[in-house]
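To keep things clear, I will list the structure first and then write my remarks on it.
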Amino acid sequence: MKINALRIEITTTKGEYGFFCDFCHGLNIIRGNNSSGKSTLLNAMTYAFGMEEILGGKNQKTLPYALKDYIPQDSEKLPIVDSNVQIEIENREEKIITLRRAIKSDEKSSKLIEIIDGPYLTGEVSNVSPLPTFVHDPGSAKSGKAGFFKFLEDFMGLTLPNVPGTHAKEVKLYIQTLFSVFLIEQKRGWTDYIANIPYFGIRNGKNKVIEYILSLDVFENDRRRNELNSESVELHQLWESTRYKIKLIEDSNTVAVKGIPLKPVTDFGKNLVSVNKLHGDSELGLE
């Protein structure tokens with residue numbers, strides 16, 4: 001996926017403010033002094049993708065004041081009455097779309113990401129009728145047209161696997177976890193390369209993200225291992241249940257069943273099982 005351009009639109013009580021930049025193919029370097037807006041730019045980009053959980057929260061509360069509260073102008077603080085961010089992206093098939101998300105708005109929810117078909121920022125779009133999608137709601141990574149994360153996954157041509165969860169069941173390797181590798185801000189020294197991976201109940205989440213990115217053949221192995229573990233648990237439960245039923249038969253019929261191990265074994269021989277009738281202190285084979 002390539003990012004073509006980014007636009008921030010801000011309306012204050014004293015006029016319009018904002019920012020626009022386009023990006024070229026390859027490496028792009030954004031240079032500026034401290035407090036010049038580099039982090040604000042990256043945060044706005046992260047927010048435009050619905051990935052602000054990487055920043056430590058959800059929706060606009062993760063963004064700096066200059067995008068949602070006020071614009072510092074000389075000695076004044078100009079209150080922001082409306083703001084949004086737009087980002088134009090292109091996939092490997094050269095399909096271009098533009099994402100638009102409200103930051104501060106009385107009309108649009110911050111969970112809404114509008115998808116405009118075409119190069120809305122760098123070209124011409126004849127028919128601007130955006131597709132409404134949602135983030136941070138149940139189904140946003142699974143449902144059809146309404147779920148933004150599923151839309152983005154399909155747009156990028158990804159097929160994300162199911163991985164072991166922390167509660168035994170498998171869970172999806174959500175696209176938000178992958179973005180925690182690609183959207184990184186280093187301010188105060190490195191503590192971890194993937195510092196803020198969102199929690200989705202994925203067991204060893206950071207490992208799974210790296211394994212997927214490196215195309216390691218571990219997901220199928222994990223899936224098969226989980227299947228075998230579940231099958232093993234079911235077999236043990238069935239074995240114990242069957243042994244309990246046999247015990248009831250023994251008690252009610254004064255018989256003894258021999259040759260059944262306490263737990264399932266691979267070399268179990270049913271021909272070694274015998275049923276004896278209890279007769280005083282002795283046992284008589286039914287045969």
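Chain identifiers are assigned as A, B, and so on, following the order in which chains appear in the structure tokens; residues are numbered from 1 within each chain, and ligands are numbered from 1 in order of appearance.
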
Expected answer as number ranges by chain: helix (DSSP H, G or I) residues in region 86-282 of chain A: A: 148-155, 175-182, 205-213, 219-253, 270-272

Closest contacts (region 112-231 of chain A/region 6-19 of chain A, max 12 Å, only C-alpha atoms) as a Markdown table:
```
| residue | atom | partner | partner_atom | distance |
| --- | --- | --- | --- | --- |
| A:Pro119 | CA | A:Leu6 | CA | 11.3 |
| A:Tyr120 | CA | A:Arg7 | CA | 10.4 |
| A:Leu121 | CA | A:Leu6 | CA | 7.6 |
| A:Thr122 | CA | A:Leu6 | CA | 9.6 |
```

Just N, CA, C and O atoms for this one: save the residues we selected as a PDB file, in the first residue's frame.
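Final output, selection17.pdb:
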```pdb
ATOM      1  N   PRO A 119      -8.864   9.357  -6.581  1.00  0.00           N
ATOM      2  CA  PRO A 119      -7.821  10.243  -6.028  1.00  0.00           C
ATOM      3  C   PRO A 119      -8.387  11.602  -5.634  1.00  0.00           C
ATOM      4  O   PRO A 119      -8.151  12.616  -6.305  1.00  0.00           O
ATOM      5  N   TYR A 120      -9.114  11.644  -4.562  1.00  0.00           N
ATOM      6  CA  TYR A 120      -9.808  12.860  -4.145  1.00  0.00           C
ATOM      7  C   TYR A 120      -8.843  13.993  -3.797  1.00  0.00           C
ATOM      8  O   TYR A 120      -9.192  15.168  -3.912  1.00  0.00           O
ATOM      9  N   LEU A 121      -7.615  13.660  -3.375  1.00  0.00           N
ATOM     10  CA  LEU A 121      -6.655  14.683  -2.950  1.00  0.00           C
ATOM     11  C   LEU A 121      -5.683  15.085  -4.052  1.00  0.00           C
ATOM     12  O   LEU A 121      -5.197  16.213  -4.064  1.00  0.00           O
ATOM     13  N   THR A 122      -5.358  14.183  -4.948  1.00  0.00           N
ATOM     14  CA  THR A 122      -4.328  14.484  -5.953  1.00  0.00           C
ATOM     15  C   THR A 122      -4.879  14.535  -7.378  1.00  0.00           C
ATOM     16  O   THR A 122      -4.134  14.891  -8.298  1.00  0.00           O
TER      17      THR A 122
END
```

Which polymer residues have any atom within 12 Å of an atom of Val233 (chain A), counting only C-alpha atoms, with same-chain residues fewer than 6 positions away left out, as a count of residues only? 7

Per DSSP on the backbone, filter region 21-196 of chain A down to the residues in strand (DSSP E) and report them as a PDB file with N, CA, C and O atoms, in the first residue's frame.
```pdb
ATOM      1  N   CYS A  21      -0.006  17.645   2.265  1.00  0.00           N
ATOM      2  CA  CYS A  21       1.267  17.202   1.704  1.00  0.00           C
ATOM      3  C   CYS A  21       1.012  15.974   0.839  1.00  0.00           C
ATOM      4  O   CYS A  21       0.114  15.182   1.123  1.00  0.00           O
ATOM      5  N   ASP A  22       1.780  15.858  -0.225  1.00  0.00           N
ATOM      6  CA  ASP A  22       1.727  14.649  -1.030  1.00  0.00           C
ATOM      7  C   ASP A  22       3.064  13.931  -0.902  1.00  0.00           C
ATOM      8  O   ASP A  22       4.083  14.527  -0.564  1.00  0.00           O
ATOM      9  N   TYR A  70      -7.763  23.619  20.064  1.00  0.00           N
ATOM     10  CA  TYR A  70      -7.496  25.011  19.688  1.00  0.00           C
ATOM     11  C   TYR A  70      -6.217  25.101  18.866  1.00  0.00           C
ATOM     12  O   TYR A  70      -5.358  24.221  18.899  1.00  0.00           O
ATOM     13  N   ILE A  71      -6.122  26.209  18.108  1.00  0.00           N
ATOM     14  CA  ILE A  71      -4.918  26.525  17.349  1.00  0.00           C
ATOM     15  C   ILE A  71      -4.215  27.683  18.047  1.00  0.00           C
ATOM     16  O   ILE A  71      -4.812  28.754  18.226  1.00  0.00           O
ATOM     17  N   PRO A  72      -2.976  27.512  18.480  1.00  0.00           N
ATOM     18  CA  PRO A  72      -2.264  28.633  19.083  1.00  0.00           C
ATOM     19  C   PRO A  72      -1.880  29.656  18.019  1.00  0.00           C
ATOM     20  O   PRO A  72      -1.239  29.322  17.021  1.00  0.00           O
ATOM     21  N   GLN A  73      -2.296  30.889  18.199  1.00  0.00           N
ATOM     22  CA  GLN A  73      -2.019  31.956  17.246  1.00  0.00           C
ATOM     23  C   GLN A  73      -1.528  33.172  18.016  1.00  0.00           C
ATOM     24  O   GLN A  73      -2.305  33.863  18.658  1.00  0.00           O
ATOM     25  N   GLU A  76      -3.037  34.100  21.348  1.00  0.00           N
ATOM     26  CA  GLU A  76      -4.401  33.599  21.416  1.00  0.00           C
ATOM     27  C   GLU A  76      -4.458  32.077  21.267  1.00  0.00           C
ATOM     28  O   GLU A  76      -3.526  31.447  20.772  1.00  0.00           O
ATOM     29  N   LYS A  77      -5.566  31.522  21.705  1.00  0.00           N
ATOM     30  CA  LYS A  77      -5.901  30.129  21.444  1.00  0.00           C
ATOM     31  C   LYS A  77      -7.235  30.114  20.723  1.00  0.00           C
ATOM     32  O   LYS A  77      -8.280  30.362  21.326  1.00  0.00           O
ATOM     33  N   LEU A  78      -7.169  29.842  19.429  1.00  0.00           N
ATOM     34  CA  LEU A  78      -8.379  29.891  18.620  1.00  0.00           C
ATOM     35  C   LEU A  78      -9.132  28.570  18.744  1.00  0.00           C
ATOM     36  O   LEU A  78      -8.637  27.515  18.317  1.00  0.00           O
ATOM     37  N   PRO A  79     -10.335  28.559  19.302  1.00  0.00           N
ATOM     38  CA  PRO A  79     -11.090  27.317  19.476  1.00  0.00           C
ATOM     39  C   PRO A  79     -11.422  26.654  18.145  1.00  0.00           C
ATOM     40  O   PRO A  79     -11.787  27.331  17.178  1.00  0.00           O
ATOM     41  N   ILE A  80     -11.277  25.341  18.097  1.00  0.00           N
ATOM     42  CA  ILE A  80     -11.621  24.564  16.908  1.00  0.00           C
ATOM     43  C   ILE A  80     -13.086  24.162  16.991  1.00  0.00           C
ATOM     44  O   ILE A  80     -13.534  23.597  17.995  1.00  0.00           O
ATOM     45  N   VAL A  81     -13.841  24.451  15.929  1.00  0.00           N
ATOM     46  CA  VAL A  81     -15.255  24.088  15.897  1.00  0.00           C
ATOM     47  C   VAL A  81     -15.509  22.869  15.008  1.00  0.00           C
ATOM     48  O   VAL A  81     -16.521  22.182  15.156  1.00  0.00           O
ATOM     49  N   ASP A  82     -14.575  22.579  14.076  1.00  0.00           N
ATOM     50  CA  ASP A  82     -14.736  21.421  13.195  1.00  0.00           C
ATOM     51  C   ASP A  82     -13.369  21.061  12.618  1.00  0.00           C
ATOM     52  O   ASP A  82     -12.587  21.947  12.269  1.00  0.00           O
ATOM     53  N   SER A  83     -13.101  19.747  12.520  1.00  0.00           N
ATOM     54  CA  SER A  83     -11.835  19.309  11.936  1.00  0.00           C
ATOM     55  C   SER A  83     -11.976  17.895  11.412  1.00  0.00           C
ATOM     56  O   SER A  83     -12.792  17.108  11.896  1.00  0.00           O
ATOM     57  N   ASN A  84     -11.175  17.582  10.410  1.00  0.00           N
ATOM     58  CA  ASN A  84     -11.153  16.235   9.856  1.00  0.00           C
ATOM     59  C   ASN A  84      -9.810  15.970   9.202  1.00  0.00           C
ATOM     60  O   ASN A  84      -9.033  16.891   8.943  1.00  0.00           O
ATOM     61  N   VAL A  85      -9.549  14.694   8.937  1.00  0.00           N
ATOM     62  CA  VAL A  85      -8.329  14.294   8.252  1.00  0.00           C
ATOM     63  C   VAL A  85      -8.704  13.414   7.075  1.00  0.00           C
ATOM     64  O   VAL A  85      -9.648  12.622   7.146  1.00  0.00           O
ATOM     65  N   GLN A  86      -7.972  13.582   5.971  1.00  0.00           N
ATOM     66  CA  GLN A  86      -8.200  12.801   4.759  1.00  0.00           C
ATOM     67  C   GLN A  86      -6.866  12.219   4.297  1.00  0.00           C
ATOM     68  O   GLN A  86      -5.835  12.895   4.371  1.00  0.00           O
ATOM     69  N   ILE A  87      -6.893  10.984   3.843  1.00  0.00           N
ATOM     70  CA  ILE A  87      -5.674  10.338   3.382  1.00  0.00           C
ATOM     71  C   ILE A  87      -5.978   9.541   2.120  1.00  0.00           C
ATOM     72  O   ILE A  87      -6.976   8.820   2.059  1.00  0.00           O
ATOM     73  N   GLU A  88      -5.153   9.727   1.114  1.00  0.00           N
ATOM     74  CA  GLU A  88      -5.335   9.035  -0.165  1.00  0.00           C
ATOM     75  C   GLU A  88      -4.328   7.894  -0.253  1.00  0.00           C
ATOM     76  O   GLU A  88      -3.126   8.095  -0.068  1.00  0.00           O
ATOM     77  N   ILE A  89      -4.821   6.680  -0.533  1.00  0.00           N
ATOM     78  CA  ILE A  89      -3.952   5.506  -0.547  1.00  0.00           C
ATOM     79  C   ILE A  89      -4.168   4.725  -1.846  1.00  0.00           C
ATOM     80  O   ILE A  89      -5.200   4.840  -2.499  1.00  0.00           O
ATOM     81  N   GLU A  90      -3.141   3.927  -2.184  1.00  0.00           N
ATOM     82  CA  GLU A  90      -3.156   3.153  -3.426  1.00  0.00           C
ATOM     83  C   GLU A  90      -2.664   1.742  -3.134  1.00  0.00           C
ATOM     84  O   GLU A  90      -1.679   1.562  -2.405  1.00  0.00           O
ATOM     85  N   ILE A  96      -7.043   3.362  -6.299  1.00  0.00           N
ATOM     86  CA  ILE A  96      -6.874   4.515  -5.413  1.00  0.00           C
ATOM     87  C   ILE A  96      -8.194   4.838  -4.721  1.00  0.00           C
ATOM     88  O   ILE A  96      -9.249   4.905  -5.368  1.00  0.00           O
ATOM     89  N   ILE A  97      -8.117   5.033  -3.416  1.00  0.00           N
ATOM     90  CA  ILE A  97      -9.271   5.482  -2.643  1.00  0.00           C
ATOM     91  C   ILE A  97      -8.803   6.581  -1.684  1.00  0.00           C
ATOM     92  O   ILE A  97      -7.597   6.738  -1.434  1.00  0.00           O
ATOM     93  N   THR A  98      -9.751   7.314  -1.163  1.00  0.00           N
ATOM     94  CA  THR A  98      -9.454   8.363  -0.176  1.00  0.00           C
ATOM     95  C   THR A  98     -10.303   8.121   1.058  1.00  0.00           C
ATOM     96  O   THR A  98     -11.520   7.918   0.954  1.00  0.00           O
ATOM     97  N   LEU A  99      -9.648   8.143   2.216  1.00  0.00           N
ATOM     98  CA  LEU A  99     -10.336   7.964   3.490  1.00  0.00           C
ATOM     99  C   LEU A  99     -10.544   9.327   4.141  1.00  0.00           C
ATOM    100  O   LEU A  99      -9.631  10.161   4.153  1.00  0.00           O
ATOM    101  N   ARG A 100     -11.730   9.546   4.672  1.00  0.00           N
ATOM    102  CA  ARG A 100     -12.016  10.807   5.360  1.00  0.00           C
ATOM    103  C   ARG A 100     -12.643  10.490   6.713  1.00  0.00           C
ATOM    104  O   ARG A 100     -13.616   9.739   6.804  1.00  0.00           O
ATOM    105  N   ARG A 101     -12.075  11.078   7.759  1.00  0.00           N
ATOM    106  CA  ARG A 101     -12.575  10.802   9.115  1.00  0.00           C
ATOM    107  C   ARG A 101     -12.657  12.095   9.914  1.00  0.00           C
ATOM    108  O   ARG A 101     -11.695  12.884   9.953  1.00  0.00           O
ATOM    109  N   ALA A 102     -13.784  12.308  10.540  1.00  0.00           N
ATOM    110  CA  ALA A 102     -13.975  13.503  11.364  1.00  0.00           C
ATOM    111  C   ALA A 102     -13.163  13.390  12.645  1.00  0.00           C
ATOM    112  O   ALA A 102     -13.044  12.317  13.234  1.00  0.00           O
ATOM    113  N   ILE A 103     -12.589  14.501  13.050  1.00  0.00           N
ATOM    114  CA  ILE A 103     -11.896  14.582  14.337  1.00  0.00           C
ATOM    115  C   ILE A 103     -12.808  15.270  15.344  1.00  0.00           C
ATOM    116  O   ILE A 103     -13.153  14.706  16.377  1.00  0.00           O
ATOM    117  N   LYS A 104     -13.215  16.482  15.025  1.00  0.00           N
ATOM    118  CA  LYS A 104     -14.199  17.179  15.854  1.00  0.00           C
ATOM    119  C   LYS A 104     -15.354  17.589  14.959  1.00  0.00           C
ATOM    120  O   LYS A 104     -15.176  18.301  13.961  1.00  0.00           O
ATOM    121  N   LEU A 112     -16.820   6.925  12.384  1.00  0.00           N
ATOM    122  CA  LEU A 112     -17.152   6.840  10.964  1.00  0.00           C
ATOM    123  C   LEU A 112     -15.920   7.148  10.115  1.00  0.00           C
ATOM    124  O   LEU A 112     -15.256   8.174  10.308  1.00  0.00           O
ATOM    125  N   ILE A 113     -15.603   6.251   9.177  1.00  0.00           N
ATOM    126  CA  ILE A 113     -14.579   6.516   8.163  1.00  0.00           C
ATOM    127  C   ILE A 113     -15.267   6.426   6.805  1.00  0.00           C
ATOM    128  O   ILE A 113     -15.790   5.379   6.431  1.00  0.00           O
ATOM    129  N   GLU A 114     -15.259   7.546   6.093  1.00  0.00           N
ATOM    130  CA  GLU A 114     -15.878   7.592   4.774  1.00  0.00           C
ATOM    131  C   GLU A 114     -14.845   7.220   3.713  1.00  0.00           C
ATOM    132  O   GLU A 114     -13.707   7.700   3.738  1.00  0.00           O
ATOM    133  N   ILE A 115     -15.239   6.367   2.791  1.00  0.00           N
ATOM    134  CA  ILE A 115     -14.344   5.905   1.733  1.00  0.00           C
ATOM    135  C   ILE A 115     -14.806   6.497   0.407  1.00  0.00           C
ATOM    136  O   ILE A 115     -15.916   6.225  -0.061  1.00  0.00           O
ATOM    137  N   ILE A 116     -13.946   7.318  -0.184  1.00  0.00           N
ATOM    138  CA  ILE A 116     -14.233   7.965  -1.462  1.00  0.00           C
ATOM    139  C   ILE A 116     -13.473   7.221  -2.550  1.00  0.00           C
ATOM    140  O   ILE A 116     -12.264   7.010  -2.441  1.00  0.00           O
ATOM    141  N   ASP A 117     -14.165   6.816  -3.575  1.00  0.00           N
ATOM    142  CA  ASP A 117     -13.545   6.064  -4.658  1.00  0.00           C
ATOM    143  C   ASP A 117     -12.805   7.015  -5.590  1.00  0.00           C
ATOM    144  O   ASP A 117     -13.419   7.834  -6.266  1.00  0.00           O
ATOM    145  N   LEU A 131     -18.599   5.928   0.807  1.00  0.00           N
ATOM    146  CA  LEU A 131     -19.139   4.735   1.442  1.00  0.00           C
ATOM    147  C   LEU A 131     -18.886   4.835   2.943  1.00  0.00           C
ATOM    148  O   LEU A 131     -17.730   4.951   3.367  1.00  0.00           O
ATOM    149  N   PRO A 132     -19.931   4.808   3.775  1.00  0.00           N
ATOM    150  CA  PRO A 132     -19.714   4.904   5.230  1.00  0.00           C
ATOM    151  C   PRO A 132     -19.306   3.555   5.818  1.00  0.00           C
ATOM    152  O   PRO A 132     -19.959   2.537   5.585  1.00  0.00           O
ATOM    153  N   THR A 133     -18.214   3.553   6.559  1.00  0.00           N
ATOM    154  CA  THR A 133     -17.771   2.365   7.285  1.00  0.00           C
ATOM    155  C   THR A 133     -17.457   2.767   8.716  1.00  0.00           C
ATOM    156  O   THR A 133     -17.301   3.946   9.022  1.00  0.00           O
ATOM    157  N   PHE A 134     -17.314   1.761   9.602  1.00  0.00           N
ATOM    158  CA  PHE A 134     -17.154   2.074  11.016  1.00  0.00           C
ATOM    159  C   PHE A 134     -15.980   1.307  11.616  1.00  0.00           C
ATOM    160  O   PHE A 134     -15.638   0.207  11.187  1.00  0.00           O
ATOM    161  N   ASN A 162      -6.337 -17.142  11.374  1.00  0.00           N
ATOM    162  CA  ASN A 162      -6.724 -17.316  12.767  1.00  0.00           C
ATOM    163  C   ASN A 162      -5.533 -17.865  13.532  1.00  0.00           C
ATOM    164  O   ASN A 162      -4.772 -18.701  13.020  1.00  0.00           O
ATOM    165  N   VAL A 163      -5.350 -17.371  14.753  1.00  0.00           N
ATOM    166  CA  VAL A 163      -4.207 -17.764  15.572  1.00  0.00           C
ATOM    167  C   VAL A 163      -4.699 -18.165  16.962  1.00  0.00           C
ATOM    168  O   VAL A 163      -5.825 -17.832  17.347  1.00  0.00           O
ATOM    169  N   PRO A 164      -3.876 -18.867  17.730  1.00  0.00           N
ATOM    170  CA  PRO A 164      -4.294 -19.270  19.077  1.00  0.00           C
ATOM    171  C   PRO A 164      -4.625 -18.069  19.955  1.00  0.00           C
ATOM    172  O   PRO A 164      -3.896 -17.078  19.978  1.00  0.00           O
ATOM    173  N   GLU A 170      -9.496 -19.997  18.921  1.00  0.00           N
ATOM    174  CA  GLU A 170      -8.737 -19.233  17.938  1.00  0.00           C
ATOM    175  C   GLU A 170      -9.361 -17.858  17.731  1.00  0.00           C
ATOM    176  O   GLU A 170     -10.576 -17.688  17.831  1.00  0.00           O
ATOM    177  N   VAL A 171      -8.515 -16.877  17.453  1.00  0.00           N
ATOM    178  CA  VAL A 171      -8.978 -15.525  17.149  1.00  0.00           C
ATOM    179  C   VAL A 171      -8.261 -15.057  15.884  1.00  0.00           C
ATOM    180  O   VAL A 171      -7.236 -15.602  15.490  1.00  0.00           O
ATOM    181  N   LYS A 172      -8.812 -14.043  15.270  1.00  0.00           N
ATOM    182  CA  LYS A 172      -8.233 -13.526  14.039  1.00  0.00           C
ATOM    183  C   LYS A 172      -7.012 -12.666  14.344  1.00  0.00           C
ATOM    184  O   LYS A 172      -6.967 -11.955  15.349  1.00  0.00           O
TER     185      LYS A 172
END
```

Measuring between only C-alpha atoms, which one of A:Tyr212, A:Phe23, A:Tyr174, A:Tyr199 shows the shortest distance to Phe148 (chain A)?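 Closest residue, counting only C-alpha atoms: A:Tyr174.
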
Go through A:Ile175, A:Pro261, A:Ile197, A:Asp137 and flag the residue nearest Gly56 (chain A), using only C-alpha atoms for the distances.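 Comparing A:Ile175, A:Pro261, A:Ile197, A:Asp137 against Gly56 (chain A), the winner is A:Ile197.
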
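Proximity to Phe179 (chain A) was assessed for A:Val257, A:Ile54, A:Asp74, A:Phe155 counting only C-alpha atoms; the smallest distance is recorded for A:Ile54.
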
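Of the residues under consideration (A:Ser39, A:Thr46, A:Asn59, A:Ser75), A:Thr46 shows the shortest atom-to-atom contact distance to Phe182 (chain A) when counting only C-alpha atoms.
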
Rank nothing, just name the residue among A:Leu41, A:Lys277, A:Leu284, A:Asn34 nearest to Asp251 (chain A), using only C-alpha atoms.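 Residue with the minimum atom-to-atom distance to Asp251 (chain A): A:Lys277.
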
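Using only C-alpha atoms, the shortest contact distance between Asp154 (chain A) and any of A:Met1, A:Ile194, A:Leu262, A:Leu27 is found at A:Met1.
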
Shell of 7 Å around Asn276 (chain A), only C-alpha atoms, local chain residues under 3 positions omitted, as a ChimeraX atom specification: /A:255-257,283-286

Calculate how many Å separate CA of Met156 (chain A) from CA of Glu53 (chain A), rounding to one decimal.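 Distance reported for this atom pair: 20.0 Å.
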